[in-house]
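Asker: Right, I'll just put the structure down here and ask away after.
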Amino acid sequence: MSPFAVSRSDEQLAALRRGTVVVRVQPAVFRVVGSGALDCLQGLLTNDLAAPGVDRLVYGALLTPKGMIVADYFVCRTAEGFVLLAAPEAHGPTLELFRRQIPPRLAKVTDLTGTWEALLVLGDAADARLDALQPGLAAAEPGTVHRLGDSGALVARGTPASPFEALVAGPVDAVDAAQATLVTAGAWPGDVEDAEAARILAGWPRLGAEIGERTLPQEVRYDEIGGLSYTKGCYVGQETVARLHFRGHTNRDLRGVVWARDVEAPGAGELLLDGKSVGEVRSVLQLDGRALGLALIRREVENGTTLDGDAGPARVVPLPFGPHDAD
């Protein structure tokens, strides 16, 4: 199966949408601490780390000087410093960028990849399980970060747009214990395909799929998912981001496509309108007799338009996918 395509049954989809699913992942993980940690990261990340304050979860990206995404991160800020989590593909580029951009005299970067792991808690019923980890987590404010007892792990409540309800990150043994606790409390043990399905349903871009070497943040819904700040001041690539926001627009943007029932399993490929290429499918969620996809589509193509492709007609829809799109 292509890394950009996953398949879920209707039973698995129902668990993702209305139950609780926990998925173990091995992200790239970095800790940044020191007197200059905030200033250094503020000058790199597309989002504001200062304004939300401590114990907050922030999503953003590091850019090239021309505004292209290098890697994207969920950042947990605590009183001790910052923990950044990214796709495994971001590990090498991040090490190189931090080596060049963060002076050791100002901040210390520790690569925790392999010694820390993460647990994604998915599904609308997640609140019913989170208090099993620690009382009060179910009622915690979205986007807040909490210490999981004395285990050394962190628990972050997802933001309204994020593809998870909660994120547990910490040493391997602490994540082992958290996973066991949630499963005992009634969560369904899932796999990486469940995480990919949740990501696609949320319309969330992924490095190596929707995010390529020349992807601009606004092309992949960074405004909608809360990945950009236009008020924090300068950071690497900020000039391009600001110019697009205040004076222009992207030529394409990330949208959903829906294939009707009884289509062949679609894959990555072109989307056509009147024989002209107007988009490209990057990720696919194959369901029972139907499929959903994430595609970069020309901005002039209106939602509701039916496009042609290898798997047959596909209807363009806004993101995130709603129940009427998936069910």
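For the structure tokens, the naming scheme is as follows: chains receive sequential letters (A, B, ...) according to their order of presentation, residues are indexed from 1 within each chain, and ligands are indexed from 1 in presentation order.
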Do a neighbour search on stretch 290-295 of chain A at 8 Å with only C-alpha atoms, toss out local chain neighbours closer than 2 positions, and write the hits as a PyMOL selection string.

Answerer: chain A and resi 200+203+210+254-263+265-266+279-288+297+325-326

Asker: Could you save the residues just selected, with N, CA and C atoms, as a short mmCIF file (atom, residue, chain, number, x, y, z; two decimals), in the first residue's frame?

Answerer:
```
data_model
loop_
_atom_site.label_atom_id
_atom_site.label_comp_id
_atom_site.auth_asym_id
_atom_site.auth_seq_id
_atom_site.Cartn_x
_atom_site.Cartn_y
_atom_site.Cartn_z
N ILE A 200 -6.51 12.56 7.83
CA ILE A 200 -7.20 12.88 6.58
C ILE A 200 -8.59 13.45 6.87
N GLY A 203 -8.41 16.96 7.69
CA GLY A 203 -7.85 17.83 6.67
C GLY A 203 -6.50 18.40 7.06
N GLU A 210 1.14 16.03 1.62
CA GLU A 210 0.68 17.35 1.21
C GLU A 210 1.79 18.39 1.28
N LEU A 254 -5.33 23.31 -0.24
CA LEU A 254 -5.67 21.95 0.14
C LEU A 254 -7.17 21.83 0.33
N ARG A 255 -7.77 20.90 -0.41
CA ARG A 255 -9.19 20.65 -0.30
C ARG A 255 -9.48 19.15 -0.21
N GLY A 256 -10.70 18.82 0.11
CA GLY A 256 -11.10 17.42 0.14
C GLY A 256 -11.73 17.02 -1.18
N VAL A 257 -11.62 15.74 -1.51
CA VAL A 257 -12.35 15.18 -2.65
C VAL A 257 -13.04 13.90 -2.18
N VAL A 258 -14.23 13.69 -2.70
CA VAL A 258 -15.05 12.54 -2.31
C VAL A 258 -15.39 11.74 -3.55
N TRP A 259 -15.05 10.44 -3.52
CA TRP A 259 -15.45 9.53 -4.59
C TRP A 259 -16.71 8.80 -4.16
N ALA A 260 -17.64 8.62 -5.09
CA ALA A 260 -18.90 7.96 -4.78
C ALA A 260 -18.67 6.48 -4.48
N ARG A 261 -19.72 5.80 -4.07
CA ARG A 261 -19.63 4.37 -3.78
C ARG A 261 -19.24 3.58 -5.01
N ASP A 262 -18.62 2.44 -4.75
CA ASP A 262 -18.28 1.47 -5.79
C ASP A 262 -17.25 1.98 -6.79
N VAL A 263 -16.33 2.83 -6.32
CA VAL A 263 -15.22 3.24 -7.18
C VAL A 263 -14.04 2.30 -6.92
N ALA A 265 -10.24 1.60 -5.90
CA ALA A 265 -9.43 2.27 -4.89
C ALA A 265 -8.57 3.34 -5.55
N PRO A 266 -8.80 4.62 -5.25
CA PRO A 266 -8.01 5.67 -5.88
C PRO A 266 -6.63 5.79 -5.25
N GLY A 279 -5.55 19.76 -10.31
CA GLY A 279 -5.25 19.34 -8.96
C GLY A 279 -4.52 18.02 -8.92
N GLU A 280 -4.05 17.68 -7.72
CA GLU A 280 -3.32 16.44 -7.52
C GLU A 280 -3.67 15.84 -6.18
N VAL A 281 -4.08 14.58 -6.18
CA VAL A 281 -4.42 13.87 -4.95
C VAL A 281 -3.13 13.48 -4.24
N ARG A 282 -3.07 13.76 -2.94
CA ARG A 282 -1.86 13.45 -2.17
C ARG A 282 -2.08 12.37 -1.10
N SER A 283 -3.28 12.27 -0.54
CA SER A 283 -3.58 11.25 0.47
C SER A 283 -4.98 10.73 0.23
N VAL A 284 -5.18 9.44 0.51
CA VAL A 284 -6.48 8.80 0.27
C VAL A 284 -6.86 7.95 1.47
N LEU A 285 -8.13 8.05 1.86
CA LEU A 285 -8.73 7.18 2.86
C LEU A 285 -9.79 6.34 2.17
N GLN A 286 -9.51 5.05 1.98
CA GLN A 286 -10.44 4.14 1.34
C GLN A 286 -11.36 3.55 2.40
N LEU A 287 -12.67 3.75 2.23
CA LEU A 287 -13.67 3.22 3.14
C LEU A 287 -14.45 2.12 2.44
N ASP A 288 -15.45 1.58 3.09
CA ASP A 288 -16.24 0.53 2.47
C ASP A 288 -17.06 1.08 1.31
N ILE A 297 -5.54 21.73 -5.04
CA ILE A 297 -6.42 22.06 -6.16
C ILE A 297 -6.32 23.54 -6.47
N ASP A 325 -19.86 13.62 4.52
CA ASP A 325 -18.86 13.22 3.53
C ASP A 325 -18.38 11.79 3.76
N ALA A 326 -18.22 11.41 5.03
CA ALA A 326 -17.61 10.12 5.35
C ALA A 326 -18.62 9.00 5.51
#
```

Asker: Could you find all residues in stretch 111-317 of chain A that DSSP calls alpha helix (DSSP H) from the backbone, and write them as an NGL selection string?

Answerer: :A and (127-130 or 172-184 or 192-202 or 222-225 or 238-247)

Asker: Please report the interatomic distance between atom CA of A:Leu182 and atom CA of A:Pro142 in Å with one decimal.

Answerer: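 Atom-to-atom, atom CA of A:Leu182 to atom CA of A:Pro142, that is 19.2 Å.
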
Asker: Select from stretch 46-275 of chain A everything DSSP, run on the backbone, classes as strand (DSSP E), then give the selection as a ChimeraX atom specification.

Answerer: /A:56-63,69-78,81-86,108-111,116-122,145-147,154-157,166-171,188-189,252-259,269-273

Asker: Just checking: using only C-alpha atoms, which residue out of A:Ala15, A:Ala107, A:Leu167, A:Ala5 ends up closest to A:Ser35?

Answerer: A:Ala107

Asker: Just checking: using only C-alpha atoms, which residue out of A:Leu120, A:Leu228, A:Ala51, A:Gly67 ends up closest to A:Glu196?

Answerer: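 Under the stated criterion, the closest residue is A:Leu120.
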
Asker: For A:Gly123, list every protein, DNA or RNA residue within 9 Å, evaluated using only C-alpha atoms, and leave out those in the same chain fewer than 5 positions away; present the list as a list in words.

Answerer: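 My reading of the contact set: Ala14, Ala15, Leu16, Arg17, Arg18, Gly19, Thr20, Val21, Val22, Phe164, Glu165 and Ala198 of chain A.
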
Asker: Can you spit out the residues from that selection as a PDB file, in the first residue's frame, using C-alpha atoms?

Answerer:
```pdb
ATOM      1  CA  ALA A  14     -17.098   4.524  13.690  1.00  0.00           C
ATOM      2  CA  ALA A  15     -14.504   3.900  16.417  1.00  0.00           C
ATOM      3  CA  LEU A  16     -12.433   6.827  15.142  1.00  0.00           C
ATOM      4  CA  ARG A  17     -15.347   9.222  14.912  1.00  0.00           C
ATOM      5  CA  ARG A  18     -17.438   8.253  17.917  1.00  0.00           C
ATOM      6  CA  GLY A  19     -15.260   6.090  20.165  1.00  0.00           C
ATOM      7  CA  THR A  20     -11.732   6.276  21.594  1.00  0.00           C
ATOM      8  CA  VAL A  21      -8.700   4.945  19.729  1.00  0.00           C
ATOM      9  CA  VAL A  22      -5.104   5.118  20.970  1.00  0.00           C
ATOM     10  CA  PHE A 164      -6.280  14.170  17.922  1.00  0.00           C
ATOM     11  CA  GLU A 165      -8.099  14.766  21.182  1.00  0.00           C
ATOM     12  CA  ALA A 198      -7.915  10.711  11.582  1.00  0.00           C
TER      13      ALA A 198
END
```

Asker: With only C-alpha atoms as the basis for distance, which of A:Thr181, A:Gln26, A:Thr64, A:Ser7 is at the shortest distance from A:His91?

Answerer: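 Selected residue with least distance to A:His91: A:Gln26.
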
Asker: Please list as a ChimeraX atom specification every residue within 8 Å of A:Leu154, counting only C-alpha atoms and excluding residues in the same chain fewer than 3 positions away.

Answerer: /A:145-148,168-170

Asker: Grab the residues selected above and save them as a PDB file, in the first residue's frame with C-alpha atoms.

Answerer:
```pdb
ATOM      1  CA  VAL A 145      -0.148  20.945  28.439  1.00  0.00           C
ATOM      2  CA  HIS A 146      -0.074  18.918  31.670  1.00  0.00           C
ATOM      3  CA  ARG A 147       2.581  16.859  33.435  1.00  0.00           C
ATOM      4  CA  LEU A 148       1.605  13.220  33.877  1.00  0.00           C
ATOM      5  CA  VAL A 168       0.870  11.908  25.366  1.00  0.00           C
ATOM      6  CA  ALA A 169       4.639  12.280  24.935  1.00  0.00           C
ATOM      7  CA  GLY A 170       7.382  11.052  27.171  1.00  0.00           C
TER       8      GLY A 170
END
```

Asker: Using only C-alpha atoms, which of the listed residues (A:Pro163, A:Gly53, A:Pro104, A:Pro205) sits closest to A:Tyr222?

Answerer: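 Looking only at the distances to A:Tyr222, the closest residue turns out to be A:Pro205.
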
Asker: So how many Å separate atom CA of A:Leu319 and atom CA of A:Pro93, to one decimal?

Answerer: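 Computing the Euclidean distance for atom CA of A:Leu319 and atom CA of A:Pro93 yields 28.9 Å.
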
Asker: As a ChimeraX atom specification, please: the residues near A:Gly309 (cut-off 8 Å, only C-alpha atoms, same-chain neighbours under 5 positions excluded).

Answerer: /A:269-272,314

Asker: If you keep N, CA and C atoms, can you produce a file of those selected residues as a compact mmCIF listing (two decimals), in the first residue's frame?

Answerer:
```
# COMPACT_ATOMS: atom_id res chain seq x y z
N GLY A 269 -2.71 11.04 -7.83
CA GLY A 269 -2.80 11.26 -9.27
C GLY A 269 -3.47 12.58 -9.58
N GLU A 270 -3.52 12.90 -10.86
CA GLU A 270 -4.06 14.18 -11.30
C GLU A 270 -5.59 14.20 -11.23
N LEU A 271 -6.12 15.40 -11.05
CA LEU A 271 -7.55 15.67 -11.16
C LEU A 271 -7.75 16.63 -12.32
N LEU A 272 -8.76 16.35 -13.14
CA LEU A 272 -8.96 17.09 -14.37
C LEU A 272 -10.31 17.77 -14.40
N ALA A 314 -14.81 12.72 -8.93
CA ALA A 314 -14.59 13.08 -7.53
C ALA A 314 -15.14 14.47 -7.29
```

Asker: Out of A:Lys276, A:Arg157, A:Arg100, A:His245, which residue has the shortest atom-to-atom distance to A:Pro217 when counting only C-alpha atoms?

Answerer: A:His245

Asker: Which residue is closest to A:Ala118? Choose from A:Pro189, A:Gly81, A:Gly34, A:Pro27 and count only C-alpha atoms.

Answerer: A:Pro27
